[in-house]
Amino acid sequence: AGVMATPFALTEDGLESQIGTNHFGHHLLTKLLLPQVEAAAKKAGVATIVVVSSSRHYMSYREGVRLSLAALNDPAAYDRTSAYAQSKLANVLFAQELADRVQDRGILVNAVHPGLVDTELSRYMIEAVGSVVREQAARYIRETVVASLAWSPQDAAL
């Protein structure tokens with residue numbers, strides 16, 4: 001699961017929705033699956049964990065990843081595109097740290113940018129771009145430009 005450029009909202013756990021969904025949810029899933037990954041690595045000699053990030057990770061807030069819940073959850077300081085980038089930067093940093101921690105157990109950890117894929121992930125971008133340019137232009141970008149440049153979900157999965 002992933003979200004991008006959403007209006008400010010909190011998860012049911014009280015986290016800003018983009019970092020909650022894109023980072024903390026995946027971090028928890030990885031932590032819960034790590035014993036099975038370790039067992040697979042022991043049996044096969046190697047296992048791989050792939051962390052999905054984005055080339056947008058470098059466009060986070062000025063301070064990178066906000067380090068307190070108060071800062072993460074401040075609606076007055078929220079910027080939807082910076083919040084998305086922050087969640088992806090958190091994924092890159094997580095992948096780097098996890099790689100260091102599990103390298104002696106035969107587990108490889110990679111962070112990847114999957115490229116532009118034509119999914120519903122960008123559904124809030126029309127709204128974000130529409131606040132800067134007219135709604136029509138934003139819809140044109142999504143339906144024509146993005147659709148012509150993006151991978152289909154089927155091709156991206158190969």
# chains A, B, ... in the order shown; residues from 1 in each chain; ligands from 1
>>> residues_around(residues="region 26-32 of chain A", least_positions_apart="3", cutoff="10 Å", atoms="only C-alpha atoms", output="PyMOL selection string")
chain A and resi 1-2+19-23+35-37+49-52+90-91+94-95+98
>>> residues_around(residues="region 104-110 of chain A", least_positions_apart="2", cutoff="6 Å", atoms="only C-alpha atoms", output="number ranges by chain")
A: 41, 46-50, 99, 102
>>> write_last_selection(atoms="N, CA, C and O atoms", output="short mmCIF file (atom, residue, chain, number, x, y, z; two decimals), in the first residue's frame")
data_model
loop_
_atom_site.label_atom_id
_atom_site.label_comp_id
_atom_site.auth_asym_id
_atom_site.auth_seq_id
_atom_site.Cartn_x
_atom_site.Cartn_y
_atom_site.Cartn_z
N ALA A 41 17.02 -17.14 4.33
CA ALA A 41 18.43 -16.88 4.02
C ALA A 41 19.31 -18.02 4.53
O ALA A 41 20.26 -18.42 3.85
N VAL A 46 20.95 -16.96 0.88
CA VAL A 46 20.73 -15.52 0.73
C VAL A 46 19.23 -15.25 0.61
O VAL A 46 18.47 -16.10 0.14
N ALA A 47 18.82 -14.09 1.08
CA ALA A 47 17.45 -13.61 0.90
C ALA A 47 17.53 -12.11 0.65
O ALA A 47 18.53 -11.47 0.99
N THR A 48 16.51 -11.58 0.06
CA THR A 48 16.51 -10.16 -0.30
C THR A 48 15.26 -9.47 0.22
O THR A 48 14.15 -10.01 0.11
N ILE A 49 15.45 -8.30 0.77
CA ILE A 49 14.34 -7.42 1.15
C ILE A 49 14.41 -6.22 0.24
O ILE A 49 15.47 -5.60 0.08
N VAL A 50 13.29 -5.90 -0.40
CA VAL A 50 13.21 -4.75 -1.29
C VAL A 50 12.33 -3.69 -0.64
O VAL A 50 11.18 -3.96 -0.31
N ALA A 99 20.18 -2.88 6.11
CA ALA A 99 21.26 -3.58 5.39
C ALA A 99 22.47 -3.77 6.29
O ALA A 99 23.07 -4.86 6.31
N VAL A 102 21.67 -6.59 9.01
CA VAL A 102 21.43 -7.99 8.63
C VAL A 102 22.45 -8.54 7.64
O VAL A 102 22.32 -9.69 7.21
#
>>> closest_atom_pairs(of="region 41-97 of chain A", to="region 6-15 of chain A", cutoff="12 Å", atoms="only C-alpha atoms", output="CSV")
residue,atom,partner,partner_atom,distance
A:Ser68,CA,A:Leu15,CA,10.6
A:Leu69,CA,A:Leu15,CA,7.4
A:Ala70,CA,A:Leu15,CA,9.7
A:Ala71,CA,A:Leu15,CA,10.6
A:Leu72,CA,A:Leu15,CA,7.4
A:Asn73,CA,A:Leu15,CA,6.4
A:Asp74,CA,A:Phe8,CA,9.1
A:Pro75,CA,A:Phe8,CA,6.4
A:Ala76,CA,A:Phe8,CA,9.5
A:Ala77,CA,A:Phe8,CA,10.1
A:Tyr78,CA,A:Phe8,CA,6.9
A:Asp79,CA,A:Phe8,CA,8.2
A:Arg80,CA,A:Thr6,CA,5.9
A:Thr81,CA,A:Thr6,CA,8.2
A:Ser82,CA,A:Thr6,CA,10.7
A:Ala83,CA,A:Thr6,CA,8.8
A:Tyr84,CA,A:Thr6,CA,8.2
A:Ala85,CA,A:Thr6,CA,11.9
A:Ser87,CA,A:Leu15,CA,11.7
>>> write_last_selection(atoms="N, CA and C atoms", output="PDB file, in the first residue's frame")
ATOM      1  N   SER A  68      10.097  14.285  15.507  1.00  0.00           N
ATOM      2  CA  SER A  68       9.173  14.200  16.642  1.00  0.00           C
ATOM      3  C   SER A  68       7.749  14.041  16.111  1.00  0.00           C
ATOM      4  N   LEU A  69       6.904  13.417  16.920  1.00  0.00           N
ATOM      5  CA  LEU A  69       5.500  13.272  16.517  1.00  0.00           C
ATOM      6  C   LEU A  69       4.840  14.631  16.353  1.00  0.00           C
ATOM      7  N   ALA A  70       5.193  15.577  17.199  1.00  0.00           N
ATOM      8  CA  ALA A  70       4.610  16.916  17.086  1.00  0.00           C
ATOM      9  C   ALA A  70       4.963  17.534  15.736  1.00  0.00           C
ATOM     10  N   ALA A  71       6.202  17.392  15.307  1.00  0.00           N
ATOM     11  CA  ALA A  71       6.616  17.948  14.009  1.00  0.00           C
ATOM     12  C   ALA A  71       6.000  17.172  12.848  1.00  0.00           C
ATOM     13  N   LEU A  72       5.970  15.842  12.954  1.00  0.00           N
ATOM     14  CA  LEU A  72       5.370  15.014  11.901  1.00  0.00           C
ATOM     15  C   LEU A  72       3.889  15.322  11.724  1.00  0.00           C
ATOM     16  N   ASN A  73       3.211  15.583  12.822  1.00  0.00           N
ATOM     17  CA  ASN A  73       1.753  15.699  12.814  1.00  0.00           C
ATOM     18  C   ASN A  73       1.251  17.142  12.841  1.00  0.00           C
ATOM     19  N   ASP A  74       2.091  18.104  12.525  1.00  0.00           N
ATOM     20  CA  ASP A  74       1.698  19.513  12.573  1.00  0.00           C
ATOM     21  C   ASP A  74       1.015  19.917  11.268  1.00  0.00           C
ATOM     22  N   PRO A  75      -0.305  20.084  11.280  1.00  0.00           N
ATOM     23  CA  PRO A  75      -0.998  20.426  10.028  1.00  0.00           C
ATOM     24  C   PRO A  75      -0.603  21.795   9.483  1.00  0.00           C
ATOM     25  N   ALA A  76      -0.170  22.714  10.351  1.00  0.00           N
ATOM     26  CA  ALA A  76       0.215  24.053   9.895  1.00  0.00           C
ATOM     27  C   ALA A  76       1.521  24.019   9.095  1.00  0.00           C
ATOM     28  N   ALA A  77       2.377  23.049   9.370  1.00  0.00           N
ATOM     29  CA  ALA A  77       3.662  22.955   8.678  1.00  0.00           C
ATOM     30  C   ALA A  77       3.644  21.899   7.574  1.00  0.00           C
ATOM     31  N   TYR A  78       2.483  21.322   7.309  1.00  0.00           N
ATOM     32  CA  TYR A  78       2.361  20.219   6.360  1.00  0.00           C
ATOM     33  C   TYR A  78       2.402  20.708   4.916  1.00  0.00           C
ATOM     34  N   ASP A  79       3.216  20.046   4.129  1.00  0.00           N
ATOM     35  CA  ASP A  79       3.246  20.252   2.678  1.00  0.00           C
ATOM     36  C   ASP A  79       3.121  18.871   2.052  1.00  0.00           C
ATOM     37  N   ARG A  80       2.096  18.659   1.259  1.00  0.00           N
ATOM     38  CA  ARG A  80       1.785  17.303   0.793  1.00  0.00           C
ATOM     39  C   ARG A  80       2.889  16.669  -0.039  1.00  0.00           C
ATOM     40  N   THR A  81       3.586  17.443  -0.868  1.00  0.00           N
ATOM     41  CA  THR A  81       4.650  16.828  -1.667  1.00  0.00           C
ATOM     42  C   THR A  81       5.915  16.599  -0.833  1.00  0.00           C
ATOM     43  N   SER A  82       6.207  17.495   0.098  1.00  0.00           N
ATOM     44  CA  SER A  82       7.348  17.285   0.996  1.00  0.00           C
ATOM     45  C   SER A  82       7.098  16.111   1.933  1.00  0.00           C
ATOM     46  N   ALA A  83       5.855  15.950   2.367  1.00  0.00           N
ATOM     47  CA  ALA A  83       5.514  14.826   3.249  1.00  0.00           C
ATOM     48  C   ALA A  83       5.693  13.493   2.522  1.00  0.00           C
ATOM     49  N   TYR A  84       5.313  13.448   1.244  1.00  0.00           N
ATOM     50  CA  TYR A  84       5.531  12.230   0.454  1.00  0.00           C
ATOM     51  C   TYR A  84       7.034  11.948   0.349  1.00  0.00           C
ATOM     52  N   ALA A  85       7.796  12.976   0.010  1.00  0.00           N
ATOM     53  CA  ALA A  85       9.243  12.817  -0.122  1.00  0.00           C
ATOM     54  C   ALA A  85       9.867  12.382   1.207  1.00  0.00           C
ATOM     55  N   SER A  87       8.479  10.555   3.503  1.00  0.00           N
ATOM     56  CA  SER A  87       8.194   9.133   3.719  1.00  0.00           C
ATOM     57  C   SER A  87       9.137   8.261   2.894  1.00  0.00           C
TER      58      SER A  87
END
>>> closest_residue(among="A:Arg62, A:Val112, A:Arg56, A:Lys43", to="Ala5 (chain A)", atoms="only C-alpha atoms")
A:Arg56
>>> atom_distance(atom1="CA of Pro153 (chain A)", atom2="CA of Met4 (chain A)")
16.4 Å
>>> select_by_dssp(residues="region 30-126 of chain A", states="strand (DSSP E)", output="list in words")
Ala47, Thr48, Ile49, Val50, Val51, Val52, Ile107, Leu108, Val109, Asn110, Ala111 and Val112 of chain A
